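The structure appears right after this line, and notes come after that.
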Amino acid sequence: MGIELRLKRAPHQAGAGDGSNGTARFHSRSAAPPRFGVLLDLRAHSDEASLQLLGLAATSALSELAGCTLDCAVTLVRPRHPALTAGASSGATFLAQSDQSRGDGPVSHALAGHLALMANSYSADPRWPSYWRPLGEAGYRSLLSVPLQLHADSLATLTLLAPQDNAFTPGVIVAAGAFSKLAAGSYLSAAELRAAQARAEQLEAALQGRTSIDVACGVIMGQNRCSYDDAFHILAQASSHRNVKARVVAETMLRELPGGLPSTHFKE
């Protein structure tokens with residue numbers, strides 16, 4: 001669906017959990033972020049499709065660096081819209097949705113603009129004690145949730161889940177942050193394109209409707225030997241009497257004439 005992604009591997013990292021406070025110590029030779037290519041989903045037909053594509057792209061881009069197959073869910077919260085979550089699997093999507101709805105887990109923490117890390121299963125993070133059980137039951141042992149910077153009134157996060165402990169080394173975290181910036185820009189581009197296409201379709205529909213009204217008024221002018229304003233008034237009265245739009249009255253009238261409805265031509 002129009003995804004292009006290039007990944008340059010980061011230098012080798014080694015890590016070990018300290019098992020004391022829900023975190024892990026890692027020793028990294030270099031935490032330089034990998035260089036990602038262009039990520040665009042401009043052909044995605046909906047917001048949900050865009051989020052799902054971003055989730056799949058994240059797992060493809062970051063799994064090798066993490067040393068295991070990652071899973072991913074993307075959550076989007078906007079005013080006057082229901083919260084939307086899409087993921088690479090039903091398990092990842094369910095965990096992110098339940099967290100967002102309760103507001104007491106790492107996904108909610110990331111939606112507030114803060115990076116959230118659950119490093120390993122043997123030293124549970126005390127901030128989210130109730131989250132470890134569903135995480136383990138879903139087959140995951142560590143989690144990273146990274147905020148996505150969208151519009152000021154929108155909140156989003158990219159949540160990565162791993163089946164092993166300590167998958168999210170400093171290098172993976174840096175790479176996930178770099179990927180999240182690219183993903184945010186990609187989503188915004190796709191959303192803007194969908195909005196522009198919707199406006200274009202509305203404009204085209206309005207122009208087509210106007211063509212039908214103008215042709216119908218021309219027919220009425222010929223039949224009644226009246227002005228355009230008088231013809232439009234007659235059409236408007238019929239619209240009000242039938243309780244339907246003037247465009248519908250015009251199209252109904254024109255369908256009964258030889259040649260049927262006129263077509264609107266746009267210059268390409």
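Identifiers in this document derive from the order of the structure tokens: chains are assigned A, B, ..., residues are numbered from 1 separately in each chain, and ligands are numbered from 1 in order of occurrence.
Residues surrounding stretch 162-164 of chain A within 8 Å are Cys68, Thr69, Leu70, Asp71, Asn120, Gly139, Tyr140, Arg141, Ser142 and Leu143 of chain A [only C-alpha atoms; sequence separation below 5 positions excluded].
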Using only C-alpha atoms, which residues sit within 12 Å of A:Asp99 once same-chain residues fewer than 2 positions away are excluded, as a PDB file with all heavy atoms, in the first residue's frame?
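Contents of the output file result18.pdb:
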```
ATOM      1  N   ALA A  73       1.213  -1.903  18.176  1.00  0.00           N
ATOM      2  CA  ALA A  73      -0.117  -1.296  18.071  1.00  0.00           C
ATOM      3  C   ALA A  73       0.054   0.219  18.061  1.00  0.00           C
ATOM      4  O   ALA A  73       0.941   0.756  18.733  1.00  0.00           O
ATOM      5  CB  ALA A  73      -1.009  -1.722  19.228  1.00  0.00           C
ATOM      6  N   THR A  75      -2.058   3.814  18.650  1.00  0.00           N
ATOM      7  CA  THR A  75      -3.275   4.376  19.240  1.00  0.00           C
ATOM      8  C   THR A  75      -3.371   5.855  18.901  1.00  0.00           C
ATOM      9  O   THR A  75      -2.383   6.588  18.999  1.00  0.00           O
ATOM     10  CB  THR A  75      -3.274   4.196  20.768  1.00  0.00           C
ATOM     11  OG1 THR A  75      -3.152   2.807  21.079  1.00  0.00           O
ATOM     12  CG2 THR A  75      -4.563   4.733  21.380  1.00  0.00           C
ATOM     13  N   ALA A  83     -11.629   7.000  20.233  1.00  0.00           N
ATOM     14  CA  ALA A  83     -10.227   6.572  20.201  1.00  0.00           C
ATOM     15  C   ALA A  83     -10.077   5.428  19.202  1.00  0.00           C
ATOM     16  O   ALA A  83     -10.940   4.570  19.073  1.00  0.00           O
ATOM     17  CB  ALA A  83      -9.784   6.134  21.584  1.00  0.00           C
ATOM     18  N   THR A  85      -7.442   2.404  17.665  1.00  0.00           N
ATOM     19  CA  THR A  85      -6.233   1.602  17.822  1.00  0.00           C
ATOM     20  C   THR A  85      -6.201   0.547  16.729  1.00  0.00           C
ATOM     21  O   THR A  85      -7.188  -0.131  16.475  1.00  0.00           O
ATOM     22  CB  THR A  85      -6.183   0.919  19.190  1.00  0.00           C
ATOM     23  OG1 THR A  85      -6.185   1.903  20.231  1.00  0.00           O
ATOM     24  CG2 THR A  85      -4.916   0.071  19.335  1.00  0.00           C
ATOM     25  N   ALA A  92      -1.946  -7.394  20.402  1.00  0.00           N
ATOM     26  CA  ALA A  92      -1.360  -6.073  20.620  1.00  0.00           C
ATOM     27  C   ALA A  92      -2.439  -5.002  20.627  1.00  0.00           C
ATOM     28  O   ALA A  92      -2.420  -4.084  21.453  1.00  0.00           O
ATOM     29  CB  ALA A  92      -0.323  -5.785  19.540  1.00  0.00           C
ATOM     30  N   THR A  93      -3.390  -5.114  19.711  1.00  0.00           N
ATOM     31  CA  THR A  93      -4.469  -4.129  19.639  1.00  0.00           C
ATOM     32  C   THR A  93      -5.313  -4.145  20.907  1.00  0.00           C
ATOM     33  O   THR A  93      -5.646  -3.091  21.456  1.00  0.00           O
ATOM     34  CB  THR A  93      -5.360  -4.414  18.414  1.00  0.00           C
ATOM     35  OG1 THR A  93      -4.559  -4.377  17.233  1.00  0.00           O
ATOM     36  CG2 THR A  93      -6.471  -3.388  18.297  1.00  0.00           C
ATOM     37  N   PHE A  94      -5.641  -5.337  21.402  1.00  0.00           N
ATOM     38  CA  PHE A  94      -6.470  -5.449  22.610  1.00  0.00           C
ATOM     39  C   PHE A  94      -5.765  -4.850  23.820  1.00  0.00           C
ATOM     40  O   PHE A  94      -6.371  -4.114  24.606  1.00  0.00           O
ATOM     41  CB  PHE A  94      -6.816  -6.911  22.879  1.00  0.00           C
ATOM     42  CG  PHE A  94      -7.567  -7.113  24.169  1.00  0.00           C
ATOM     43  CD1 PHE A  94      -8.919  -6.806  24.258  1.00  0.00           C
ATOM     44  CD2 PHE A  94      -6.908  -7.591  25.299  1.00  0.00           C
ATOM     45  CE1 PHE A  94      -9.606  -6.964  25.449  1.00  0.00           C
ATOM     46  CE2 PHE A  94      -7.595  -7.760  26.491  1.00  0.00           C
ATOM     47  CZ  PHE A  94      -8.948  -7.450  26.565  1.00  0.00           C
ATOM     48  N   LEU A  95      -4.474  -5.138  23.994  1.00  0.00           N
ATOM     49  CA  LEU A  95      -3.740  -4.586  25.129  1.00  0.00           C
ATOM     50  C   LEU A  95      -3.719  -3.063  25.095  1.00  0.00           C
ATOM     51  O   LEU A  95      -3.940  -2.397  26.112  1.00  0.00           O
ATOM     52  CB  LEU A  95      -2.314  -5.132  25.132  1.00  0.00           C
ATOM     53  CG  LEU A  95      -2.115  -6.555  25.658  1.00  0.00           C
ATOM     54  CD1 LEU A  95      -0.677  -7.004  25.415  1.00  0.00           C
ATOM     55  CD2 LEU A  95      -2.455  -6.641  27.134  1.00  0.00           C
ATOM     56  N   ALA A  96      -3.451  -2.496  23.913  1.00  0.00           N
ATOM     57  CA  ALA A  96      -3.401  -1.036  23.794  1.00  0.00           C
ATOM     58  C   ALA A  96      -4.779  -0.418  24.011  1.00  0.00           C
ATOM     59  O   ALA A  96      -4.910   0.625  24.664  1.00  0.00           O
ATOM     60  CB  ALA A  96      -2.845  -0.646  22.432  1.00  0.00           C
ATOM     61  N   GLN A  97      -5.813  -1.044  23.486  1.00  0.00           N
ATOM     62  CA  GLN A  97      -7.170  -0.517  23.663  1.00  0.00           C
ATOM     63  C   GLN A  97      -7.590  -0.535  25.125  1.00  0.00           C
ATOM     64  O   GLN A  97      -8.154   0.443  25.637  1.00  0.00           O
ATOM     65  CB  GLN A  97      -8.156  -1.337  22.824  1.00  0.00           C
ATOM     66  CG  GLN A  97      -8.132  -1.043  21.350  1.00  0.00           C
ATOM     67  CD  GLN A  97      -9.062  -1.945  20.569  1.00  0.00           C
ATOM     68  OE1 GLN A  97      -9.329  -3.081  20.964  1.00  0.00           O
ATOM     69  NE2 GLN A  97      -9.554  -1.469  19.440  1.00  0.00           N
ATOM     70  N   SER A 101      -8.411   2.794  27.428  1.00  0.00           N
ATOM     71  CA  SER A 101      -9.743   2.993  28.005  1.00  0.00           C
ATOM     72  C   SER A 101      -9.686   3.122  29.527  1.00  0.00           C
ATOM     73  O   SER A 101     -10.451   3.889  30.114  1.00  0.00           O
ATOM     74  CB  SER A 101     -10.661   1.835  27.613  1.00  0.00           C
ATOM     75  OG  SER A 101     -10.175   0.609  28.118  1.00  0.00           O
ATOM     76  N   ARG A 102      -8.773   2.391  30.182  1.00  0.00           N
ATOM     77  CA  ARG A 102      -8.649   2.488  31.637  1.00  0.00           C
ATOM     78  C   ARG A 102      -7.837   3.710  32.057  1.00  0.00           C
ATOM     79  O   ARG A 102      -8.083   4.295  33.113  1.00  0.00           O
ATOM     80  CB  ARG A 102      -7.987   1.226  32.204  1.00  0.00           C
ATOM     81  CG  ARG A 102      -8.823  -0.042  32.095  1.00  0.00           C
ATOM     82  CD  ARG A 102      -8.247  -1.114  33.022  1.00  0.00           C
ATOM     83  NE  ARG A 102      -6.810  -1.263  32.857  1.00  0.00           N
ATOM     84  CZ  ARG A 102      -6.226  -2.113  32.028  1.00  0.00           C
ATOM     85  NH1 ARG A 102      -6.975  -2.893  31.259  1.00  0.00           N
ATOM     86  NH2 ARG A 102      -4.916  -2.194  31.948  1.00  0.00           N
ATOM     87  N   GLY A 103      -6.837   4.043  31.260  1.00  0.00           N
ATOM     88  CA  GLY A 103      -6.012   5.212  31.559  1.00  0.00           C
ATOM     89  C   GLY A 103      -4.996   5.004  32.666  1.00  0.00           C
ATOM     90  O   GLY A 103      -4.580   5.977  33.309  1.00  0.00           O
ATOM     91  N   ASP A 104      -4.583   3.759  32.923  1.00  0.00           N
ATOM     92  CA  ASP A 104      -3.691   3.522  34.052  1.00  0.00           C
ATOM     93  C   ASP A 104      -2.470   2.675  33.696  1.00  0.00           C
ATOM     94  O   ASP A 104      -1.878   2.032  34.557  1.00  0.00           O
ATOM     95  CB  ASP A 104      -4.447   2.827  35.189  1.00  0.00           C
ATOM     96  CG  ASP A 104      -5.031   1.471  34.757  1.00  0.00           C
ATOM     97  OD1 ASP A 104      -4.904   1.125  33.555  1.00  0.00           O
ATOM     98  OD2 ASP A 104      -5.600   0.770  35.610  1.00  0.00           O
ATOM     99  N   GLY A 105      -2.078   2.645  32.422  1.00  0.00           N
ATOM    100  CA  GLY A 105      -0.964   1.805  31.997  1.00  0.00           C
ATOM    101  C   GLY A 105       0.070   2.569  31.191  1.00  0.00           C
ATOM    102  O   GLY A 105      -0.019   3.794  31.020  1.00  0.00           O
ATOM    103  N   PRO A 106       1.046   1.859  30.651  1.00  0.00           N
ATOM    104  CA  PRO A 106       2.128   2.515  29.892  1.00  0.00           C
ATOM    105  C   PRO A 106       1.655   3.194  28.606  1.00  0.00           C
ATOM    106  O   PRO A 106       2.225   4.209  28.197  1.00  0.00           O
ATOM    107  CB  PRO A 106       3.093   1.365  29.593  1.00  0.00           C
ATOM    108  CG  PRO A 106       2.274   0.121  29.721  1.00  0.00           C
ATOM    109  CD  PRO A 106       1.260   0.410  30.773  1.00  0.00           C
ATOM    110  N   VAL A 107       0.631   2.637  27.943  1.00  0.00           N
ATOM    111  CA  VAL A 107       0.119   3.276  26.723  1.00  0.00           C
ATOM    112  C   VAL A 107      -0.478   4.640  27.062  1.00  0.00           C
ATOM    113  O   VAL A 107      -0.237   5.640  26.370  1.00  0.00           O
ATOM    114  CB  VAL A 107      -0.915   2.377  26.027  1.00  0.00           C
ATOM    115  CG1 VAL A 107      -1.517   3.088  24.820  1.00  0.00           C
ATOM    116  CG2 VAL A 107      -0.273   1.061  25.598  1.00  0.00           C
ATOM    117  N   SER A 108      -1.251   4.696  28.147  1.00  0.00           N
ATOM    118  CA  SER A 108      -1.823   5.974  28.587  1.00  0.00           C
ATOM    119  C   SER A 108      -0.724   6.955  28.980  1.00  0.00           C
ATOM    120  O   SER A 108      -0.824   8.166  28.735  1.00  0.00           O
ATOM    121  CB  SER A 108      -2.764   5.735  29.774  1.00  0.00           C
ATOM    122  OG  SER A 108      -3.794   4.845  29.421  1.00  0.00           O
ATOM    123  N   HIS A 109       0.344   6.429  29.591  1.00  0.00           N
ATOM    124  CA  HIS A 109       1.491   7.261  29.962  1.00  0.00           C
ATOM    125  C   HIS A 109       2.113   7.880  28.707  1.00  0.00           C
ATOM    126  O   HIS A 109       2.463   9.073  28.691  1.00  0.00           O
ATOM    127  CB  HIS A 109       2.510   6.398  30.702  1.00  0.00           C
ATOM    128  CG  HIS A 109       3.634   7.164  31.330  1.00  0.00           C
ATOM    129  ND1 HIS A 109       3.473   7.971  32.435  1.00  0.00           N
ATOM    130  CD2 HIS A 109       4.964   7.236  30.999  1.00  0.00           C
ATOM    131  CE1 HIS A 109       4.636   8.509  32.767  1.00  0.00           C
ATOM    132  NE2 HIS A 109       5.553   8.085  31.913  1.00  0.00           N
ATOM    133  N   ALA A 110       2.243   7.086  27.659  1.00  0.00           N
ATOM    134  CA  ALA A 110       2.817   7.590  26.411  1.00  0.00           C
ATOM    135  C   ALA A 110       1.871   8.564  25.721  1.00  0.00           C
ATOM    136  O   ALA A 110       2.318   9.530  25.087  1.00  0.00           O
ATOM    137  CB  ALA A 110       3.153   6.438  25.487  1.00  0.00           C
ATOM    138  N   LEU A 111       0.566   8.326  25.829  1.00  0.00           N
ATOM    139  CA  LEU A 111      -0.397   9.258  25.243  1.00  0.00           C
ATOM    140  C   LEU A 111      -0.317  10.627  25.905  1.00  0.00           C
ATOM    141  O   LEU A 111      -0.683  11.641  25.306  1.00  0.00           O
ATOM    142  CB  LEU A 111      -1.819   8.701  25.372  1.00  0.00           C
ATOM    143  CG  LEU A 111      -2.195   7.589  24.392  1.00  0.00           C
ATOM    144  CD1 LEU A 111      -3.541   6.985  24.758  1.00  0.00           C
ATOM    145  CD2 LEU A 111      -2.219   8.092  22.955  1.00  0.00           C
ATOM    146  N   TRP A 128       2.928   0.248  37.146  1.00  0.00           N
ATOM    147  CA  TRP A 128       1.797  -0.400  36.484  1.00  0.00           C
ATOM    148  C   TRP A 128       1.686  -1.857  36.938  1.00  0.00           C
ATOM    149  O   TRP A 128       1.843  -2.787  36.134  1.00  0.00           O
ATOM    150  CB  TRP A 128       1.959  -0.325  34.963  1.00  0.00           C
ATOM    151  CG  TRP A 128       2.187   1.073  34.480  1.00  0.00           C
ATOM    152  CD1 TRP A 128       1.344   2.129  34.594  1.00  0.00           C
ATOM    153  CD2 TRP A 128       3.363   1.570  33.819  1.00  0.00           C
ATOM    154  NE1 TRP A 128       1.904   3.258  34.051  1.00  0.00           N
ATOM    155  CE2 TRP A 128       3.145   2.949  33.556  1.00  0.00           C
ATOM    156  CE3 TRP A 128       4.569   0.993  33.414  1.00  0.00           C
ATOM    157  CZ2 TRP A 128       4.080   3.753  32.923  1.00  0.00           C
ATOM    158  CZ3 TRP A 128       5.515   1.791  32.781  1.00  0.00           C
ATOM    159  CH2 TRP A 128       5.275   3.150  32.533  1.00  0.00           C
ATOM    160  N   SER A 130      -0.766  -3.757  37.737  1.00  0.00           N
ATOM    161  CA  SER A 130      -1.852  -4.582  37.202  1.00  0.00           C
ATOM    162  C   SER A 130      -1.678  -4.912  35.723  1.00  0.00           C
ATOM    163  O   SER A 130      -2.473  -5.667  35.155  1.00  0.00           O
ATOM    164  CB  SER A 130      -3.195  -3.867  37.403  1.00  0.00           C
ATOM    165  OG  SER A 130      -3.225  -2.644  36.669  1.00  0.00           O
ATOM    166  N   TYR A 131      -0.622  -4.363  35.098  1.00  0.00           N
ATOM    167  CA  TYR A 131      -0.471  -4.538  33.663  1.00  0.00           C
ATOM    168  C   TYR A 131       0.349  -5.771  33.309  1.00  0.00           C
ATOM    169  O   TYR A 131       0.259  -6.280  32.188  1.00  0.00           O
ATOM    170  CB  TYR A 131       0.206  -3.291  33.061  1.00  0.00           C
ATOM    171  CG  TYR A 131      -0.049  -3.110  31.589  1.00  0.00           C
ATOM    172  CD1 TYR A 131      -1.253  -2.576  31.139  1.00  0.00           C
ATOM    173  CD2 TYR A 131       0.903  -3.482  30.644  1.00  0.00           C
ATOM    174  CE1 TYR A 131      -1.502  -2.412  29.789  1.00  0.00           C
ATOM    175  CE2 TYR A 131       0.668  -3.315  29.287  1.00  0.00           C
ATOM    176  CZ  TYR A 131      -0.533  -2.773  28.869  1.00  0.00           C
ATOM    177  OH  TYR A 131      -0.778  -2.619  27.535  1.00  0.00           O
ATOM    178  N   TRP A 132       1.137  -6.262  34.264  1.00  0.00           N
ATOM    179  CA  TRP A 132       2.021  -7.376  33.935  1.00  0.00           C
ATOM    180  C   TRP A 132       1.271  -8.667  33.628  1.00  0.00           C
ATOM    181  O   TRP A 132       1.665  -9.424  32.746  1.00  0.00           O
ATOM    182  CB  TRP A 132       3.018  -7.602  35.077  1.00  0.00           C
ATOM    183  CG  TRP A 132       4.130  -6.618  35.022  1.00  0.00           C
ATOM    184  CD1 TRP A 132       4.298  -5.528  35.816  1.00  0.00           C
ATOM    185  CD2 TRP A 132       5.205  -6.604  34.087  1.00  0.00           C
ATOM    186  NE1 TRP A 132       5.415  -4.827  35.436  1.00  0.00           N
ATOM    187  CE2 TRP A 132       6.000  -5.469  34.378  1.00  0.00           C
ATOM    188  CE3 TRP A 132       5.590  -7.430  33.037  1.00  0.00           C
ATOM    189  CZ2 TRP A 132       7.138  -5.146  33.669  1.00  0.00           C
ATOM    190  CZ3 TRP A 132       6.737  -7.119  32.327  1.00  0.00           C
ATOM    191  CH2 TRP A 132       7.496  -5.992  32.642  1.00  0.00           C
ATOM    192  N   PRO A 134      -1.902  -9.263  32.270  1.00  0.00           N
ATOM    193  CA  PRO A 134      -2.414  -9.350  30.894  1.00  0.00           C
ATOM    194  C   PRO A 134      -1.309  -9.325  29.855  1.00  0.00           C
ATOM    195  O   PRO A 134      -1.434  -9.937  28.794  1.00  0.00           O
ATOM    196  CB  PRO A 134      -3.329  -8.126  30.775  1.00  0.00           C
ATOM    197  CG  PRO A 134      -2.928  -7.211  31.862  1.00  0.00           C
ATOM    198  CD  PRO A 134      -2.436  -8.079  32.975  1.00  0.00           C
ATOM    199  N   LEU A 135      -0.208  -8.637  30.153  1.00  0.00           N
ATOM    200  CA  LEU A 135       0.918  -8.606  29.217  1.00  0.00           C
ATOM    201  C   LEU A 135       1.495 -10.009  29.049  1.00  0.00           C
ATOM    202  O   LEU A 135       1.722 -10.473  27.923  1.00  0.00           O
ATOM    203  CB  LEU A 135       1.990  -7.652  29.727  1.00  0.00           C
ATOM    204  CG  LEU A 135       3.142  -7.327  28.760  1.00  0.00           C
ATOM    205  CD1 LEU A 135       2.649  -6.482  27.603  1.00  0.00           C
ATOM    206  CD2 LEU A 135       4.273  -6.614  29.502  1.00  0.00           C
ATOM    207  N   SER A 145       6.487   2.012  24.754  1.00  0.00           N
ATOM    208  CA  SER A 145       5.449   2.852  24.149  1.00  0.00           C
ATOM    209  C   SER A 145       6.021   4.248  23.942  1.00  0.00           C
ATOM    210  O   SER A 145       6.477   4.895  24.899  1.00  0.00           O
ATOM    211  CB  SER A 145       4.208   2.902  25.048  1.00  0.00           C
ATOM    212  OG  SER A 145       3.068   3.336  24.326  1.00  0.00           O
ATOM    213  N   THR A 157       0.336   7.199  20.077  1.00  0.00           N
ATOM    214  CA  THR A 157       1.496   6.480  20.577  1.00  0.00           C
ATOM    215  C   THR A 157       1.731   5.221  19.762  1.00  0.00           C
ATOM    216  O   THR A 157       0.794   4.608  19.243  1.00  0.00           O
ATOM    217  CB  THR A 157       1.320   6.115  22.063  1.00  0.00           C
ATOM    218  OG1 THR A 157       2.492   5.446  22.529  1.00  0.00           O
ATOM    219  CG2 THR A 157       0.121   5.219  22.270  1.00  0.00           C
ATOM    220  N   THR A 159       3.184   1.562  20.263  1.00  0.00           N
ATOM    221  CA  THR A 159       3.495   0.616  21.335  1.00  0.00           C
ATOM    222  C   THR A 159       4.100  -0.651  20.746  1.00  0.00           C
ATOM    223  O   THR A 159       3.474  -1.336  19.932  1.00  0.00           O
ATOM    224  CB  THR A 159       2.233   0.265  22.138  1.00  0.00           C
ATOM    225  OG1 THR A 159       1.680   1.466  22.690  1.00  0.00           O
ATOM    226  CG2 THR A 159       2.566  -0.697  23.269  1.00  0.00           C
TER     227      THR A 159
END
```
### Message
Measuring between only C-alpha atoms, which one of A:Arg194, A:Lys181, A:Ile220, A:Ala238 shows the shortest distance to A:Leu150?
### Response
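Closest to A:Leu150, using only C-alpha atoms: A:Lys181.
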### Task
State, in Å with one decimal place, the distance from atom CA of A:Gln237 to atom CA of A:Ala216.
13.6 Å
